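Take a look at the structure below.
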Amino acid sequence: AVLRGAHRVVLSGMGSSLFGCMVLASYFNRNGIDASAIDTSELLHYRSAICGPGTVVLLVSRSGETVEALKLLEKLRGSGAVVIGVTNEPGTTLHRESSQALFVNSTRDQLVAVQTYSGTVAVLLLLGAAVHSRVDDLRDGLSATAEALEQFLKQCVDASQTWRNFFQPARAIYLLGRGASVGSSYEGALLFHEAAKTPAVSMSAAHFRHGPVEVVDREFRAIVFASQAETADLDASVAQDLCELGARVMP
């Protein structure tokens, strides 16, 4: 109800929390809600003036204690903005000081955010669906996705050798997407940095054509997200063009 009545919706987080916000921002925009995903540091230092009466700030922090989030909470106090906190940890500062709070209820990750990222995206999309009274439809889709992932994870170890051969001798991995998949591309690049200690670049597939394509050579490696129906043909065209330039591409 709060989101339905908002004049402006600002989604904010750091790292994987921000990338989850990108997915929900895309969903909201496609359904007629003006929403922006802004990293919390930028919002804190440069853009907090947009957060006044009529603004809902959806602030996401896995720990509930992210330093930028806590400073933003303090800065927004008395601004008139409504803060909805999304966290995996009840009892934290974000939980206590938000106008309302949602909990991811994910199993904690041991190293980098994988389960909590997926859980955060699911919770955010369920929230978006609730705004449009579509929760049941999305819940069915999420259940099917979870079942598919469970089966896929069993194959990952065997498949990893194929991927190792694909990545060598890449200097950097490019992850290209559009729409909601831009969030996935950023999260993928983050995991390459954190888990594989490998340089990676996330970029809009459309933006990539406007200049960065000039770096393509036979050592260029790209993962192209073609999961958005409206632009699937365009993404397939990007992948095809990269292959014709001598690069190797995984869809």
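The way I read the labels, and the way they are meant: chains A, B, ... in the order of the structure tokens, residue 1 as the first residue of every chain, and ligand 1 as the first ligand shown, with later ones counted on from there.
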Do a neighbour search on Leu18 of chain A at 12 Å with only C-alpha atoms, toss out local chain neighbours closer than 6 positions, and write the hits as a JSON list (two decimals) with N, CA, C and O atoms, in the first residue's frame.
```json
[["chain", "number", "residue", "atom", "x", "y", "z"],
["A", 10, "VAL", "N", 12.66, 4.97, -4.58],
["A", 10, "VAL", "CA", 14.11, 4.87, -4.71],
["A", 10, "VAL", "C", 14.56, 3.56, -4.08],
["A", 10, "VAL", "O", 14.26, 3.30, -2.91],
["A", 11, "LEU", "N", 15.24, 2.74, -4.86],
["A", 11, "LEU", "CA", 15.75, 1.45, -4.39],
["A", 11, "LEU", "C", 17.25, 1.58, -4.20],
["A", 11, "LEU", "O", 17.95, 2.07, -5.10],
["A", 12, "SER", "N", 17.77, 1.14, -3.05],
["A", 12, "SER", "CA", 19.18, 1.40, -2.78],
["A", 12, "SER", "C", 19.83, 0.26, -2.02],
["A", 12, "SER", "O", 19.23, -0.36, -1.14],
["A", 24, "LEU", "N", 14.30, -5.28, -9.38],
["A", 24, "LEU", "CA", 12.98, -4.76, -8.99],
["A", 24, "LEU", "C", 12.68, -3.44, -9.69],
["A", 24, "LEU", "O", 11.53, -3.19, -10.09],
["A", 25, "ALA", "N", 13.69, -2.58, -9.86],
["A", 25, "ALA", "CA", 13.48, -1.31, -10.56],
["A", 25, "ALA", "C", 12.97, -1.56, -11.98],
["A", 25, "ALA", "O", 12.06, -0.88, -12.46],
["A", 36, "SER", "N", 13.92, 4.11, -9.26],
["A", 36, "SER", "CA", 15.34, 4.21, -9.61],
["A", 36, "SER", "C", 16.16, 3.37, -8.63],
["A", 36, "SER", "O", 15.89, 3.37, -7.43],
["A", 37, "ALA", "N", 17.17, 2.68, -9.16],
["A", 37, "ALA", "CA", 18.11, 1.95, -8.32],
["A", 37, "ALA", "C", 19.39, 2.77, -8.21],
["A", 37, "ALA", "O", 20.03, 3.06, -9.23],
["A", 38, "ILE", "N", 19.76, 3.16, -6.99],
["A", 38, "ILE", "CA", 20.90, 4.04, -6.76],
["A", 38, "ILE", "C", 21.77, 3.44, -5.66],
["A", 38, "ILE", "O", 21.25, 3.05, -4.60],
["A", 39, "ASP", "N", 23.08, 3.37, -5.88],
["A", 39, "ASP", "CA", 23.90, 2.79, -4.81],
["A", 39, "ASP", "C", 23.87, 3.72, -3.60],
["A", 39, "ASP", "O", 23.77, 4.94, -3.72],
["A", 40, "THR", "N", 23.90, 3.12, -2.43],
["A", 40, "THR", "CA", 23.61, 3.85, -1.19],
["A", 40, "THR", "C", 24.62, 4.95, -0.93],
["A", 40, "THR", "O", 24.27, 6.01, -0.38],
["A", 41, "SER", "N", 25.87, 4.75, -1.31],
["A", 41, "SER", "CA", 26.87, 5.80, -1.11],
["A", 41, "SER", "C", 26.55, 7.03, -1.95],
["A", 41, "SER", "O", 26.63, 8.17, -1.47],
["A", 42, "GLU", "N", 26.16, 6.82, -3.22],
["A", 42, "GLU", "CA", 25.79, 7.94, -4.08],
["A", 42, "GLU", "C", 24.54, 8.65, -3.54],
["A", 42, "GLU", "O", 24.45, 9.88, -3.54],
["A", 43, "LEU", "N", 23.59, 7.86, -3.08],
["A", 43, "LEU", "CA", 22.36, 8.44, -2.53],
["A", 43, "LEU", "C", 22.67, 9.26, -1.27],
["A", 43, "LEU", "O", 22.13, 10.36, -1.08],
["A", 58, "LEU", "N", 13.42, 2.14, -0.57],
["A", 58, "LEU", "CA", 13.54, 0.71, -0.27],
["A", 58, "LEU", "C", 15.03, 0.44, -0.08],
["A", 58, "LEU", "O", 15.79, 0.40, -1.05],
["A", 59, "LEU", "N", 15.46, 0.30, 1.16],
["A", 59, "LEU", "CA", 16.87, 0.21, 1.51],
["A", 59, "LEU", "C", 17.23, -1.24, 1.82],
["A", 59, "LEU", "O", 16.66, -1.84, 2.74],
["A", 60, "VAL", "N", 18.16, -1.80, 1.05],
["A", 60, "VAL", "CA", 18.49, -3.22, 1.15],
["A", 60, "VAL", "C", 19.89, -3.40, 1.71],
["A", 60, "VAL", "O", 20.86, -2.81, 1.22],
["A", 61, "SER", "N", 20.01, -4.21, 2.76],
["A", 61, "SER", "CA", 21.31, -4.54, 3.34],
["A", 61, "SER", "C", 21.22, -5.95, 3.90],
["A", 61, "SER", "O", 20.42, -6.21, 4.81],
["A", 62, "ARG", "N", 22.03, -6.85, 3.36],
["A", 62, "ARG", "CA", 22.01, -8.23, 3.83],
["A", 62, "ARG", "C", 22.24, -8.31, 5.34],
["A", 62, "ARG", "O", 21.55, -9.02, 6.06],
["A", 69, "ALA", "N", 24.30, 2.44, 4.66],
["A", 69, "ALA", "CA", 22.86, 2.39, 4.95],
["A", 69, "ALA", "C", 22.53, 3.05, 6.28],
["A", 69, "ALA", "O", 21.54, 3.77, 6.41],
["A", 86, "VAL", "N", 15.02, -3.89, 3.90],
["A", 86, "VAL", "CA", 15.06, -5.30, 3.51],
["A", 86, "VAL", "C", 16.39, -5.87, 3.99],
["A", 86, "VAL", "O", 17.46, -5.40, 3.57],
["A", 117, "TYR", "N", 21.76, -13.38, -2.10],
["A", 117, "TYR", "CA", 21.42, -12.58, -3.28],
["A", 117, "TYR", "C", 20.18, -13.13, -3.96],
["A", 117, "TYR", "O", 19.24, -12.38, -4.25],
["A", 120, "THR", "N", 17.23, -12.41, -1.83],
["A", 120, "THR", "CA", 16.85, -11.00, -1.86],
["A", 120, "THR", "C", 16.07, -10.67, -3.13],
["A", 120, "THR", "O", 15.05, -9.98, -3.09],
["A", 121, "VAL", "N", 16.54, -11.16, -4.28],
["A", 121, "VAL", "CA", 15.83, -10.93, -5.53],
["A", 121, "VAL", "C", 14.41, -11.50, -5.46],
["A", 121, "VAL", "O", 13.45, -10.86, -5.89],
["A", 124, "LEU", "N", 12.27, -9.24, -3.21],
["A", 124, "LEU", "CA", 11.97, -7.97, -3.87],
["A", 124, "LEU", "C", 10.92, -8.15, -4.97],
["A", 124, "LEU", "O", 10.00, -7.33, -5.12],
["A", 182, "VAL", "N", 20.40, -6.86, -16.50],
["A", 182, "VAL", "CA", 21.56, -6.03, -16.17],
["A", 182, "VAL", "C", 21.97, -6.29, -14.72],
["A", 182, "VAL", "O", 23.16, -6.36, -14.39],
["A", 183, "GLY", "N", 20.98, -6.46, -13.83],
["A", 183, "GLY", "CA", 21.29, -6.80, -12.45],
["A", 183, "GLY", "C", 22.05, -8.11, -12.35],
["A", 183, "GLY", "O", 23.02, -8.24, -11.59],
["A", 184, "SER", "N", 21.62, -9.10, -13.14],
["A", 184, "SER", "CA", 22.31, -10.39, -13.15],
["A", 184, "SER", "C", 23.73, -10.26, -13.66],
["A", 184, "SER", "O", 24.66, -10.92, -13.16],
["A", 186, "TYR", "N", 25.71, -7.61, -13.45],
["A", 186, "TYR", "CA", 26.52, -6.99, -12.41],
["A", 186, "TYR", "C", 26.84, -7.99, -11.29],
["A", 186, "TYR", "O", 27.96, -8.03, -10.78],
["A", 187, "GLU", "N", 25.85, -8.77, -10.89],
["A", 187, "GLU", "CA", 26.11, -9.76, -9.84],
["A", 187, "GLU", "C", 27.11, -10.80, -10.32],
["A", 187, "GLU", "O", 28.00, -11.22, -9.57],
["A", 190, "LEU", "N", 30.55, -9.36, -10.13],
["A", 190, "LEU", "CA", 30.98, -9.32, -8.73],
["A", 190, "LEU", "C", 31.49, -10.68, -8.28],
["A", 190, "LEU", "O", 32.53, -10.78, -7.61]]
```
Q. Do you know which residues are at most 6 Å from Ala189 of chain A counting only C-alpha atoms, after dropping those on the same chain fewer than 2 positions away, and could you put them as an MDAnalysis selection string?
A. chainID A and resid 186:187 191:192 200:202
Hey, which bits of segment 230-251 of chain A sit within 12 Å of segment 144-167 of chain A, and for each residue what's the closest pair of atoms and how far apart in Å (one decimal), counting only C-alpha atoms, rows by chain and increasing number, as a Markdown table?
```
| residue | atom | partner | partner_atom | distance |
| --- | --- | --- | --- | --- |
| A:Ala247 | CA | A:Phe166 | CA | 10.6 |
| A:Arg248 | CA | A:Phe166 | CA | 7.5 |
| A:Val249 | CA | A:Phe166 | CA | 8.4 |
| A:Met250 | CA | A:Phe166 | CA | 8.4 |
```
Q. Within 8 Å of Asp235 of chain A, counting only C-alpha atoms, which residues qualify if same-chain residues fewer than 2 places away don't, as a PyMOL selection string?
A. chain A and resi 177+205+224-226+231-233+237-239
Output C-alpha atoms for every residue in that selection, as a compact mmCIF listing (two decimals), in the first residue's frame.
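After the write, out_30.txt holds the following:
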```
# COMPACT_ATOMS: atom_id res chain seq x y z
CA GLY A 177 22.51 -7.93 -20.50
CA ALA A 205 24.49 -5.04 -24.24
CA VAL A 224 25.37 -12.69 -23.05
CA PHE A 225 22.14 -12.71 -21.03
CA ALA A 226 19.29 -13.16 -23.52
CA THR A 231 15.17 -7.93 -26.65
CA ALA A 232 16.12 -11.60 -27.12
CA ASP A 233 16.65 -11.12 -30.86
CA SER A 237 22.51 -10.50 -32.72
CA VAL A 238 25.16 -9.17 -30.32
CA ALA A 239 26.38 -12.71 -29.66
```
Q) Closest to Thr55 of chain A among A:Gly211, A:Gly5, A:Pro251, A:Pro90, using only C-alpha atoms? A) A:Gly5
Q | Gap from atom CA of Ala130 of chain A to atom CA of Ser204 of chain A - Å, one decimal | A | 28.2 Å
